[in-house]
Amino acid sequence: MDQMAPELVAAPRDYLAEDPATLPLAQFDVGRAILFQHDAFWPYFARLRREAPVHYCDCGEFGNYWSITKYKHIVQIEANHEVFSSDVTRGGITLRDQLEDFVLPMFIAMDPPVHDFQRAAVQPIVAPANLARLEVLIRDRAQEILDNLPVGEVFNWVDRVSIELTTQMLATLFDFPWQDRRRLTRWSDVATATPGGGIVDTEDQRKAELLECLQYFLGLWNERVNAEPRGDLLSLMAHAEATRHQSPMELLGNLLLLIVGGNDTTRNSISGGIYALNKFPDEYTKLLGNPGLIKNMVPEIIRWQTPLAHMRRTATRDFEFEGHKIHAGDRVVMWYVSGNRDEEVIPDADRLIIDRERSGRHLSFGFGLHRCLGERLADMQLRIVWEEILKRFGRIEVVEEPKRVVSSFVKGYEVLNVRIPHP
Ligand code: HEM
């Protein structure tokens with residue numbers, strides 16, 4: 001008889017039906033994308049911070065992993081890059097390992113010294129003089145996008161504003177052909193997509209689209225490498241010793257790093273701000289009464305949103321951490337989304353408070369040697385968008401709950417329907 005007795009077949013877990021208050025900690029699997037899609041993960045992290053701040057999950061979709069959920073522990077893990085490696089060949093920086101047949105080296109997923117050389121190659125993109133040049137462009141573009149919004153109608157803020165603005169920015173950073181710029185948006189989405197999650201159907205489709213991205217950029221690379229050095233990201237890489245001789249897959253990896261880094265994150269912070277101010281209308285009133293608060297509000301929005309929910313490291317050797325024995329090869333996931341709500345460090349952390357003291361104290365940009373390279377650029381973009389919004393509109397109303405991205409890595413929105421009332 002080859003039929004299994006029905007009681008021996010494990011029923012698939014219904015993650016949304018489980019109660020995080022009573023579920024045994026051993027069954028916690030906070031990396032499930034479905035919890036993020038439904039914004040249902042918060043009570044899991046609150047309980048982990050209280051009862052098991054260093055937690056081991058042996059029922060993960062992509063393998064076993066440790067969850068680090070308190071602010072101070074995340075900082076400690078980030079600071080110890082010798083034990084907690086980012087290296088792609090050990091698994092990289094997301095909960096899900098990189099596919100072995102499609103390894104994309106990129107400097108966010110490298111350890112020193114190569115990481116440091118490659119990071120230095122593109123660092124000039126955020127030099128003060130370059131930021132000042134970009135500020136003018138970003139403001140022009142933000143003004144145009146906002147001036148063309150359909151006042152009085154319901155529209156998707158993500159598509160009309162957040163994607164458009166960050167895509168234009170990205171095209172500028174790469175000096176990328178303007179008419180093709182939405183391809184950057186597509187590649188950014190595909191790079192972080194889970195097959196079957198709505199963006200790509202299969203892993204093969206994902207790979208094929210990313211190889212198209214490489215082909216496209218190789219054409220641009222060949223132009224830049226033979227031309228005089230310029231200030232765009234491709235030219236910077238084509239002319240720096242550390243990146244000039246990269247293999248095609250390394251080039252693709254670094255391109256995707258810069259595409260995703262400069263796109264999804266800022267995009268979701270722009271949308272997240274609109275959403276958060278609608279959730280906390282008193283804060284919106286405060287802002288409308290005092291636009292001078294924008295500078296302080298921007299980091300608060302980035303904390304509250306936490307556009308990248310986690311980064312992962314892999315232990316290079318056995319290590320004792322907070323009374324737990326972490327073994328060589330273990331995945332260690334730092335949940336920024338939880339550290340940013342740690343009341344021990346951030347009082348009243350679930351609330352958006354636009355005039356919060358020390359609003360820059362958060363983990364959304366990470367910490368240590370991989371701390372976000374584009375931080376100042378992202379801050380500047382958000383500041384400009386809000387300055388231009390407040391010059392034009394009163395309250396922008398969110399008309400329904402957003403549709404969220406199906407991912408426990410990129411924490412963001414696919415659809416955020418809003419209406420701008422007629423003045
Ligand atoms: C609100 C917007 C952004 C957020 C929340 C964000 C978040 C992050 C995080 C969490 C990391 C990893 C930090 C760590 O491991 O400790 C990172 C790294 C990085 N980000 Fe961003 N980022 C944003 C915007 C940008 C922009 C606009 C760029 C454009 C160039 C960018 C480029 C990078 C790069 C190149 C790295 C790798 C740094 C390294 O490994 O040394 N990011 N970012």
# chains A, B, ... in the order shown; residues from 1 in each chain; ligands from 1
>>> residues_around(residues="A:Leu233", least_positions_apart="4", cutoff="10 Å", atoms="only C-alpha atoms", output="list in words")
Ala121, Val122, Gln123, Pro124, Ile125, Leu170, Thr172, Leu173, Phe174, Asp175, Phe176, Met237, Ala238, Leu255 and Leu258 of chain A
>>> write_last_selection(atoms="C-alpha atoms", output="PDB file, in the first residue's frame")
ATOM      1  CA  ALA A 121      35.076  53.471  -6.673  1.00  0.00           C
ATOM      2  CA  VAL A 122      31.464  54.713  -6.651  1.00  0.00           C
ATOM      3  CA  GLN A 123      31.631  56.900  -3.536  1.00  0.00           C
ATOM      4  CA  PRO A 124      32.118  60.130  -5.593  1.00  0.00           C
ATOM      5  CA  ILE A 125      28.483  59.864  -6.676  1.00  0.00           C
ATOM      6  CA  LEU A 170      18.328  56.449 -11.249  1.00  0.00           C
ATOM      7  CA  THR A 172      20.378  60.372 -14.054  1.00  0.00           C
ATOM      8  CA  LEU A 173      22.828  58.528 -11.776  1.00  0.00           C
ATOM      9  CA  PHE A 174      23.682  56.066 -14.569  1.00  0.00           C
ATOM     10  CA  ASP A 175      23.338  58.576 -17.397  1.00  0.00           C
ATOM     11  CA  PHE A 176      20.936  56.001 -18.817  1.00  0.00           C
ATOM     12  CA  MET A 237      33.075  51.958 -12.388  1.00  0.00           C
ATOM     13  CA  ALA A 238      34.502  51.779 -15.899  1.00  0.00           C
ATOM     14  CA  LEU A 255      24.483  47.272 -11.288  1.00  0.00           C
ATOM     15  CA  LEU A 258      22.873  50.302  -7.360  1.00  0.00           C
TER      16      LEU A 258
END
>>> select_by_dssp(residues="stretch 283-397 of chain A", states="alpha helix (DSSP H)", output="JSON, numbers by chain")
{"A": [283, 284, 285, 286, 287, 288, 289, 294, 295, 296, 297, 298, 299, 300, 301, 302, 303, 304, 305, 336, 337, 338, 339, 375, 376, 377, 378, 379, 380, 381, 382, 383, 384, 385, 386, 387, 388, 389, 390, 391, 392]}
>>> closest_residue(among="A:Trp187, A:Asn263, A:Asp147, A:Ala129", to="A:Val200", atoms="only C-alpha atoms")
A:Trp187
>>> residues_near_ligand(ligand="ligand 1", cutoff="7 Å", atoms="only C-alpha atoms and all ligand atoms", output="mmCIF file with all heavy atoms, in the first residue's frame")
data_model
loop_
_atom_site.group_PDB
_atom_site.id
_atom_site.type_symbol
_atom_site.label_atom_id
_atom_site.label_comp_id
_atom_site.auth_asym_id
_atom_site.auth_seq_id
_atom_site.Cartn_x
_atom_site.Cartn_y
_atom_site.Cartn_z
ATOM 1 N N GLU A 78 26.438 43.735 13.213
ATOM 2 C CA GLU A 78 26.962 44.506 12.071
ATOM 3 C C GLU A 78 28.426 44.878 12.286
ATOM 4 O O GLU A 78 29.207 44.940 11.344
ATOM 5 C CB GLU A 78 26.165 45.803 11.892
ATOM 6 C CG GLU A 78 24.757 45.595 11.408
ATOM 7 C CD GLU A 78 24.527 46.123 10.001
ATOM 8 O OE1 GLU A 78 25.481 46.187 9.208
ATOM 9 O OE2 GLU A 78 23.375 46.443 9.708
ATOM 10 N N PHE A 107 29.237 44.514 -4.235
ATOM 11 C CA PHE A 107 30.079 44.825 -3.071
ATOM 12 C C PHE A 107 29.315 44.843 -1.756
ATOM 13 O O PHE A 107 29.898 44.703 -0.696
ATOM 14 C CB PHE A 107 30.952 46.067 -3.305
ATOM 15 C CG PHE A 107 30.258 47.389 -3.406
ATOM 16 C CD1 PHE A 107 29.960 48.119 -2.270
ATOM 17 C CD2 PHE A 107 29.949 47.931 -4.650
ATOM 18 C CE1 PHE A 107 29.346 49.355 -2.366
ATOM 19 C CE2 PHE A 107 29.331 49.165 -4.757
ATOM 20 C CZ PHE A 107 29.021 49.880 -3.610
ATOM 21 N N ILE A 108 27.988 44.950 -1.801
ATOM 22 C CA ILE A 108 27.234 44.841 -0.545
ATOM 23 C C ILE A 108 27.337 43.407 -0.002
ATOM 24 O O ILE A 108 27.174 43.169 1.191
ATOM 25 C CB ILE A 108 25.750 45.241 -0.744
ATOM 26 C CG1 ILE A 108 25.084 45.529 0.606
ATOM 27 C CG2 ILE A 108 24.962 44.184 -1.500
ATOM 28 C CD1 ILE A 108 23.677 46.128 0.511
ATOM 29 N N ALA A 109 27.623 42.471 -0.906
ATOM 30 C CA ALA A 109 27.729 41.065 -0.505
ATOM 31 C C ALA A 109 29.178 40.596 -0.597
ATOM 32 O O ALA A 109 29.480 39.516 -1.110
ATOM 33 C CB ALA A 109 26.809 40.211 -1.375
ATOM 34 N N HIS A 115 35.457 44.600 -0.836
ATOM 35 C CA HIS A 115 34.316 45.494 -0.600
ATOM 36 C C HIS A 115 34.760 46.951 -0.545
ATOM 37 O O HIS A 115 34.175 47.821 -1.198
ATOM 38 C CB HIS A 115 33.600 45.130 0.708
ATOM 39 C CG HIS A 115 32.770 46.260 1.251
ATOM 40 N ND1 HIS A 115 33.267 47.210 2.139
ATOM 41 C CD2 HIS A 115 31.508 46.655 0.985
ATOM 42 C CE1 HIS A 115 32.334 48.108 2.397
ATOM 43 N NE2 HIS A 115 31.252 47.793 1.717
ATOM 44 N N ARG A 119 33.562 49.885 -3.092
ATOM 45 C CA ARG A 119 32.715 50.963 -2.548
ATOM 46 C C ARG A 119 33.359 52.319 -2.842
ATOM 47 O O ARG A 119 32.690 53.273 -3.238
ATOM 48 C CB ARG A 119 32.507 50.754 -1.041
ATOM 49 C CG ARG A 119 31.676 51.860 -0.410
ATOM 50 C CD ARG A 119 31.364 51.573 1.054
ATOM 51 N NE ARG A 119 30.815 52.755 1.679
ATOM 52 C CZ ARG A 119 29.641 52.832 2.288
ATOM 53 N NH1 ARG A 119 28.876 51.771 2.383
ATOM 54 N NH2 ARG A 119 29.219 53.958 2.821
ATOM 55 N N LEU A 257 22.797 46.091 -7.510
ATOM 56 C CA LEU A 257 22.922 46.713 -6.184
ATOM 57 C C LEU A 257 22.547 48.190 -6.269
ATOM 58 O O LEU A 257 21.766 48.715 -5.471
ATOM 59 C CB LEU A 257 24.357 46.547 -5.667
ATOM 60 C CG LEU A 257 24.766 47.463 -4.515
ATOM 61 C CD1 LEU A 257 23.882 47.252 -3.296
ATOM 62 C CD2 LEU A 257 26.227 47.237 -4.127
ATOM 63 N N LEU A 258 23.110 48.869 -7.267
ATOM 64 C CA LEU A 258 22.873 50.302 -7.360
ATOM 65 C C LEU A 258 21.448 50.592 -7.835
ATOM 66 O O LEU A 258 20.822 51.552 -7.392
ATOM 67 C CB LEU A 258 23.907 50.935 -8.301
ATOM 68 C CG LEU A 258 25.339 50.839 -7.744
ATOM 69 C CD1 LEU A 258 26.374 51.020 -8.838
ATOM 70 C CD2 LEU A 258 25.575 51.853 -6.620
ATOM 71 N N GLY A 261 19.268 49.582 -4.768
ATOM 72 C CA GLY A 261 19.593 50.519 -3.677
ATOM 73 C C GLY A 261 18.993 51.885 -3.935
ATOM 74 O O GLY A 261 18.449 52.514 -3.034
ATOM 75 N N GLY A 262 19.086 52.329 -5.183
ATOM 76 C CA GLY A 262 18.645 53.689 -5.476
ATOM 77 C C GLY A 262 17.179 53.783 -5.839
ATOM 78 O O GLY A 262 16.678 54.866 -6.079
ATOM 79 N N ASN A 263 16.485 52.675 -5.870
ATOM 80 C CA ASN A 263 15.140 52.707 -6.421
ATOM 81 C C ASN A 263 14.066 52.278 -5.430
ATOM 82 O O ASN A 263 13.351 53.100 -4.871
ATOM 83 C CB ASN A 263 15.117 51.822 -7.665
ATOM 84 C CG ASN A 263 13.915 52.080 -8.524
ATOM 85 O OD1 ASN A 263 13.416 53.193 -8.587
ATOM 86 N ND2 ASN A 263 13.432 51.059 -9.164
ATOM 87 N N THR A 265 14.034 51.380 -2.373
ATOM 88 C CA THR A 265 14.087 51.906 -1.013
ATOM 89 C C THR A 265 13.533 53.334 -0.929
ATOM 90 O O THR A 265 12.673 53.621 -0.110
ATOM 91 C CB THR A 265 15.550 51.923 -0.554
ATOM 92 O OG1 THR A 265 16.315 52.556 -1.573
ATOM 93 C CG2 THR A 265 16.074 50.534 -0.304
ATOM 94 N N THR A 266 14.022 54.171 -1.824
ATOM 95 C CA THR A 266 13.576 55.568 -1.794
ATOM 96 C C THR A 266 12.111 55.637 -2.214
ATOM 97 O O THR A 266 11.312 56.386 -1.648
ATOM 98 C CB THR A 266 14.455 56.431 -2.724
ATOM 99 O OG1 THR A 266 15.808 56.033 -2.541
ATOM 100 C CG2 THR A 266 14.327 57.892 -2.413
ATOM 101 N N SER A 269 9.969 54.828 0.618
ATOM 102 C CA SER A 269 9.965 55.880 1.644
ATOM 103 C C SER A 269 9.059 57.032 1.219
ATOM 104 O O SER A 269 8.418 57.669 2.060
ATOM 105 C CB SER A 269 11.367 56.438 1.876
ATOM 106 O OG SER A 269 12.263 55.410 2.156
ATOM 107 N N ILE A 302 11.742 57.428 7.331
ATOM 108 C CA ILE A 302 12.591 56.305 6.892
ATOM 109 C C ILE A 302 12.672 55.255 8.006
ATOM 110 O O ILE A 302 12.676 54.054 7.742
ATOM 111 C CB ILE A 302 13.980 56.817 6.453
ATOM 112 C CG1 ILE A 302 13.831 57.693 5.198
ATOM 113 C CG2 ILE A 302 14.933 55.659 6.174
ATOM 114 C CD1 ILE A 302 15.105 58.386 4.742
ATOM 115 N N THR A 306 11.054 51.712 7.299
ATOM 116 C CA THR A 306 12.104 50.681 7.195
ATOM 117 C C THR A 306 11.999 49.948 5.847
ATOM 118 O O THR A 306 11.524 48.807 5.770
ATOM 119 C CB THR A 306 12.062 49.679 8.378
ATOM 120 O OG1 THR A 306 11.880 50.395 9.604
ATOM 121 C CG2 THR A 306 13.344 48.880 8.451
ATOM 122 N N PRO A 307 12.459 50.597 4.768
ATOM 123 C CA PRO A 307 12.225 50.048 3.422
ATOM 124 C C PRO A 307 12.920 48.701 3.162
ATOM 125 O O PRO A 307 12.485 47.957 2.294
ATOM 126 C CB PRO A 307 12.807 51.112 2.494
ATOM 127 C CG PRO A 307 12.862 52.351 3.318
ATOM 128 C CD PRO A 307 13.100 51.925 4.720
ATOM 129 N N LEU A 308 14.001 48.418 3.867
ATOM 130 C CA LEU A 308 14.560 47.061 3.785
ATOM 131 C C LEU A 308 14.362 46.422 5.155
ATOM 132 O O LEU A 308 14.910 46.882 6.158
ATOM 133 C CB LEU A 308 16.048 47.088 3.411
ATOM 134 C CG LEU A 308 16.341 47.592 1.994
ATOM 135 C CD1 LEU A 308 17.845 47.615 1.716
ATOM 136 C CD2 LEU A 308 15.633 46.755 0.936
ATOM 137 N N MET A 311 18.719 42.537 6.782
ATOM 138 C CA MET A 311 19.945 42.136 6.082
ATOM 139 C C MET A 311 20.402 40.864 6.779
ATOM 140 O O MET A 311 20.182 40.696 7.987
ATOM 141 C CB MET A 311 21.042 43.194 6.197
ATOM 142 C CG MET A 311 20.867 44.384 5.289
ATOM 143 S SD MET A 311 21.326 44.000 3.596
ATOM 144 C CE MET A 311 20.469 45.316 2.745
ATOM 145 N N SER A 364 17.496 51.888 9.563
ATOM 146 C CA SER A 364 17.042 51.656 8.182
ATOM 147 C C SER A 364 18.195 51.669 7.174
ATOM 148 O O SER A 364 18.089 51.059 6.115
ATOM 149 C CB SER A 364 16.017 52.710 7.777
ATOM 150 O OG SER A 364 14.863 52.564 8.551
ATOM 151 N N PHE A 365 19.267 52.401 7.485
ATOM 152 C CA PHE A 365 20.420 52.430 6.580
ATOM 153 C C PHE A 365 21.505 51.448 7.012
ATOM 154 O O PHE A 365 22.618 51.473 6.480
ATOM 155 C CB PHE A 365 21.023 53.838 6.525
ATOM 156 C CG PHE A 365 20.153 54.868 5.849
ATOM 157 C CD1 PHE A 365 19.739 56.009 6.509
ATOM 158 C CD2 PHE A 365 19.750 54.694 4.527
ATOM 159 C CE1 PHE A 365 18.944 56.966 5.882
ATOM 160 C CE2 PHE A 365 18.959 55.642 3.884
ATOM 161 C CZ PHE A 365 18.547 56.774 4.568
ATOM 162 N N GLY A 366 21.203 50.598 7.979
ATOM 163 C CA GLY A 366 22.197 49.658 8.475
ATOM 164 C C GLY A 366 23.193 50.362 9.380
ATOM 165 O O GLY A 366 22.937 51.457 9.906
ATOM 166 N N PHE A 367 24.353 49.724 9.520
ATOM 167 C CA PHE A 367 25.364 50.225 10.460
ATOM 168 C C PHE A 367 26.697 49.617 10.061
ATOM 169 O O PHE A 367 26.746 48.532 9.507
ATOM 170 C CB PHE A 367 24.969 49.769 11.886
ATOM 171 C CG PHE A 367 25.924 50.203 12.952
ATOM 172 C CD1 PHE A 367 25.810 51.464 13.526
ATOM 173 C CD2 PHE A 367 26.935 49.361 13.381
ATOM 174 C CE1 PHE A 367 26.701 51.870 14.511
ATOM 175 C CE2 PHE A 367 27.832 49.764 14.367
ATOM 176 C CZ PHE A 367 27.702 51.017 14.928
ATOM 177 N N GLY A 368 27.786 50.334 10.337
ATOM 178 C CA GLY A 368 29.103 49.734 10.110
ATOM 179 C C GLY A 368 29.581 49.913 8.686
ATOM 180 O O GLY A 368 29.170 50.836 7.984
ATOM 181 N N LEU A 369 30.419 49.002 8.239
ATOM 182 C CA LEU A 369 31.121 49.258 6.976
ATOM 183 C C LEU A 369 30.237 49.133 5.743
ATOM 184 O O LEU A 369 30.581 49.617 4.676
ATOM 185 C CB LEU A 369 32.394 48.406 6.863
ATOM 186 C CG LEU A 369 32.311 46.895 6.835
ATOM 187 C CD1 LEU A 369 32.226 46.404 5.416
ATOM 188 C CD2 LEU A 369 33.573 46.342 7.493
ATOM 189 N N HIS A 370 29.071 48.501 5.887
ATOM 190 C CA HIS A 370 28.135 48.432 4.750
ATOM 191 C C HIS A 370 27.045 49.490 4.831
ATOM 192 O O HIS A 370 26.125 49.481 4.009
ATOM 193 C CB HIS A 370 27.485 47.054 4.679
ATOM 194 C CG HIS A 370 28.413 45.981 4.215
ATOM 195 N ND1 HIS A 370 28.759 45.841 2.891
ATOM 196 C CD2 HIS A 370 29.077 45.020 4.879
ATOM 197 C CE1 HIS A 370 29.598 44.826 2.766
ATOM 198 N NE2 HIS A 370 29.812 44.308 3.962
ATOM 199 N N ARG A 371 27.147 50.364 5.836
ATOM 200 C CA ARG A 371 26.089 51.371 5.984
ATOM 201 C C ARG A 371 25.814 52.027 4.629
ATOM 202 O O ARG A 371 26.722 52.273 3.836
ATOM 203 C CB ARG A 371 26.531 52.426 7.006
ATOM 204 C CG ARG A 371 25.407 53.366 7.381
ATOM 205 C CD ARG A 371 25.884 54.449 8.339
ATOM 206 N NE ARG A 371 24.863 55.475 8.429
ATOM 207 C CZ ARG A 371 23.909 55.503 9.363
ATOM 208 N NH1 ARG A 371 23.881 54.597 10.309
ATOM 209 N NH2 ARG A 371 22.994 56.450 9.346
ATOM 210 N N CYS A 372 24.543 52.294 4.394
ATOM 211 C CA CYS A 372 24.094 52.721 3.059
ATOM 212 C C CYS A 372 24.956 53.837 2.468
ATOM 213 O O CYS A 372 25.165 54.880 3.082
ATOM 214 C CB CYS A 372 22.653 53.190 3.137
ATOM 215 S SG CYS A 372 22.032 53.775 1.565
ATOM 216 N N LEU A 373 25.374 53.610 1.236
ATOM 217 C CA LEU A 373 26.178 54.603 0.533
ATOM 218 C C LEU A 373 25.318 55.778 0.066
ATOM 219 O O LEU A 373 25.805 56.898 -0.063
ATOM 220 C CB LEU A 373 26.826 53.916 -0.681
ATOM 221 C CG LEU A 373 27.645 54.760 -1.612
ATOM 222 C CD1 LEU A 373 29.117 54.445 -1.403
ATOM 223 C CD2 LEU A 373 27.285 54.522 -3.066
ATOM 224 N N GLY A 374 24.034 55.505 -0.209
ATOM 225 C CA GLY A 374 23.176 56.543 -0.793
ATOM 226 C C GLY A 374 22.346 57.306 0.218
ATOM 227 O O GLY A 374 21.423 58.039 -0.154
ATOM 228 N N GLU A 375 22.685 57.161 1.489
ATOM 229 C CA GLU A 375 21.887 57.760 2.561
ATOM 230 C C GLU A 375 21.585 59.251 2.343
ATOM 231 O O GLU A 375 20.434 59.683 2.416
ATOM 232 C CB GLU A 375 22.665 57.549 3.871
ATOM 233 C CG GLU A 375 22.058 58.200 5.046
ATOM 234 C CD GLU A 375 22.876 57.931 6.333
ATOM 235 O OE1 GLU A 375 23.822 57.127 6.307
ATOM 236 O OE2 GLU A 375 22.537 58.547 7.340
ATOM 237 N N LEU A 377 21.767 60.982 -0.356
ATOM 238 C CA LEU A 377 20.984 61.183 -1.573
ATOM 239 C C LEU A 377 19.509 60.896 -1.297
ATOM 240 O O LEU A 377 18.608 61.637 -1.721
ATOM 241 C CB LEU A 377 21.532 60.215 -2.631
ATOM 242 C CG LEU A 377 20.983 60.295 -4.026
ATOM 243 C CD1 LEU A 377 21.157 61.681 -4.598
ATOM 244 C CD2 LEU A 377 21.707 59.277 -4.920
ATOM 245 N N ALA A 378 19.243 59.809 -0.575
ATOM 246 C CA ALA A 378 17.860 59.446 -0.256
ATOM 247 C C ALA A 378 17.220 60.527 0.618
ATOM 248 O O ALA A 378 16.097 60.970 0.360
ATOM 249 C CB ALA A 378 17.839 58.099 0.460
ATOM 250 N N ASP A 379 17.949 60.972 1.631
ATOM 251 C CA ASP A 379 17.430 62.036 2.515
ATOM 252 C C ASP A 379 17.086 63.277 1.702
ATOM 253 O O ASP A 379 16.042 63.895 1.895
ATOM 254 C CB ASP A 379 18.512 62.434 3.546
ATOM 255 C CG ASP A 379 18.406 61.624 4.824
ATOM 256 O OD1 ASP A 379 17.341 61.051 5.089
ATOM 257 O OD2 ASP A 379 19.410 61.573 5.570
#
>>> residues_around(residues="A:Tyr336", least_positions_apart="5", cutoff="6 Å", atoms="only C-alpha atoms", output="list in words")
Ala309, His310 and Leu363 of chain A
>>> atom_distance(atom1="atom CA of A:Asp282", atom2="atom CA of A:Phe41")
25.4 Å
>>> closest_atom_pairs(of="stretch 239-331 of chain A", to="stretch 215-226 of chain A", cutoff="12 Å", atoms="only C-alpha atoms", output="CSV")
residue,atom,partner,partner_atom,distance
A:His239,CA,A:Val225,CA,6.5
A:Ala240,CA,A:Val225,CA,10.0
A:Glu241,CA,A:Val225,CA,11.7
A:Thr243,CA,A:Val225,CA,11.1
A:Arg244,CA,A:Val225,CA,8.1
A:His245,CA,A:Val225,CA,10.5
A:Gln246,CA,A:Trp221,CA,11.4
A:Ser247,CA,A:Leu218,CA,11.1
A:Pro248,CA,A:Leu218,CA,8.2
A:Met249,CA,A:Gln215,CA,10.9
A:Glu250,CA,A:Leu218,CA,11.9
A:Leu251,CA,A:Leu218,CA,8.8
A:Leu252,CA,A:Phe217,CA,8.3
A:Gly253,CA,A:Phe217,CA,11.8
A:Asn254,CA,A:Phe217,CA,11.4
A:Leu255,CA,A:Phe217,CA,8.5
A:Leu256,CA,A:Phe217,CA,10.9
A:Ile259,CA,A:Phe217,CA,11.9
>>> write_last_selection(atoms="C-alpha atoms", output="tab-separated table (two decimals), in the first residue's frame")
chain	number	residue	atom	x	y	z
A	239	HIS	CA	37.46	53.96	-14.93
A	240	ALA	CA	38.28	52.80	-11.39
A	241	GLU	CA	40.97	50.16	-11.00
A	243	THR	CA	35.88	47.79	-10.87
A	244	ARG	CA	37.28	48.23	-14.37
A	245	HIS	CA	38.06	44.54	-14.83
A	246	GLN	CA	34.96	43.02	-13.26
A	247	SER	CA	33.49	39.89	-14.80
A	248	PRO	CA	30.11	40.30	-16.53
A	249	MET	CA	28.28	38.69	-13.59
A	250	GLU	CA	30.07	41.00	-11.15
A	251	LEU	CA	29.09	43.97	-13.28
A	252	LEU	CA	25.49	42.75	-13.26
A	253	GLY	CA	25.66	42.26	-9.50
A	254	ASN	CA	26.96	45.76	-8.84
A	255	LEU	CA	24.48	47.27	-11.29
A	256	LEU	CA	21.61	45.56	-9.54
A	259	ILE	CA	19.56	49.91	-9.18
>>> atom_distance(atom1="atom CA of A:Arg303", atom2="atom CA of A:Phe155")
25.8 Å
>>> select_by_dssp(residues="stretch 84-232 of chain A", states="strand (DSSP E or B)", output="ChimeraX atom specification")
/A:84-85,154-156
>>> closest_residue(among="A:Leu184, A:Met110, A:Ile294, A:Ile346", to="A:Met380", atoms="only C-alpha atoms")
A:Ile294
>>> closest_residue(among="A:Leu149, A:Leu134, A:Ile326, A:Ala142", to="A:Gly231", atoms="only C-alpha atoms")
A:Leu134
>>> residues_around(residues="A:Asn417", least_positions_apart="2", cutoff="9 Å", atoms="only C-alpha atoms", output="JSON, numbers by chain")
{"A": [154, 155, 156, 157, 158, 397, 398, 399, 400, 401, 402, 415, 419]}
>>> closest_residue(among="A:Arg404, A:Arg90, A:Arg267, A:Arg139", to="A:Thr166", atoms="only C-alpha atoms")
A:Arg267
>>> closest_residue(among="A:Ser85, A:Trp178, A:Arg395, A:Val260", to="A:Thr285", atoms="only C-alpha atoms")
A:Arg395
>>> decode(residues="stretch 20-48 of chain A", atoms="C-alpha atoms", output="mmCIF file, in the first residue's frame")
data_model
loop_
_atom_site.group_PDB
_atom_site.id
_atom_site.type_symbol
_atom_site.label_atom_id
_atom_site.label_comp_id
_atom_site.auth_asym_id
_atom_site.auth_seq_id
_atom_site.Cartn_x
_atom_site.Cartn_y
_atom_site.Cartn_z
ATOM 1 C CA PRO A 20 1.447 35.182 17.621
ATOM 2 C CA ALA A 21 0.479 35.610 21.294
ATOM 3 C CA THR A 22 0.077 31.863 21.865
ATOM 4 C CA LEU A 23 2.059 30.209 19.056
ATOM 5 C CA PRO A 24 5.041 28.328 20.543
ATOM 6 C CA LEU A 25 8.233 30.297 19.896
ATOM 7 C CA ALA A 26 9.735 27.208 18.261
ATOM 8 C CA GLN A 27 7.194 27.613 15.456
ATOM 9 C CA PHE A 28 7.956 31.270 14.781
ATOM 10 C CA ASP A 29 9.037 31.827 11.170
ATOM 11 C CA VAL A 30 9.076 35.599 10.775
ATOM 12 C CA GLY A 31 10.721 35.449 7.346
ATOM 13 C CA ARG A 32 7.504 34.379 5.609
ATOM 14 C CA ALA A 33 6.662 36.896 2.898
ATOM 15 C CA ILE A 34 2.936 36.420 3.493
ATOM 16 C CA LEU A 35 3.242 38.059 6.926
ATOM 17 C CA PHE A 36 4.717 41.138 5.263
ATOM 18 C CA GLN A 37 2.198 41.154 2.437
ATOM 19 C CA HIS A 38 -0.554 41.397 5.072
ATOM 20 C CA ASP A 39 1.335 43.656 7.496
ATOM 21 C CA ALA A 40 0.820 40.916 10.085
ATOM 22 C CA PHE A 41 4.387 40.540 11.351
ATOM 23 C CA TRP A 42 4.467 43.244 14.043
ATOM 24 C CA PRO A 43 3.214 41.178 17.027
ATOM 25 C CA TYR A 44 5.670 38.395 16.177
ATOM 26 C CA PHE A 45 8.604 40.765 16.443
ATOM 27 C CA ALA A 46 7.257 42.435 19.583
ATOM 28 C CA ARG A 47 7.101 39.019 21.237
ATOM 29 C CA LEU A 48 10.550 38.028 20.023
#
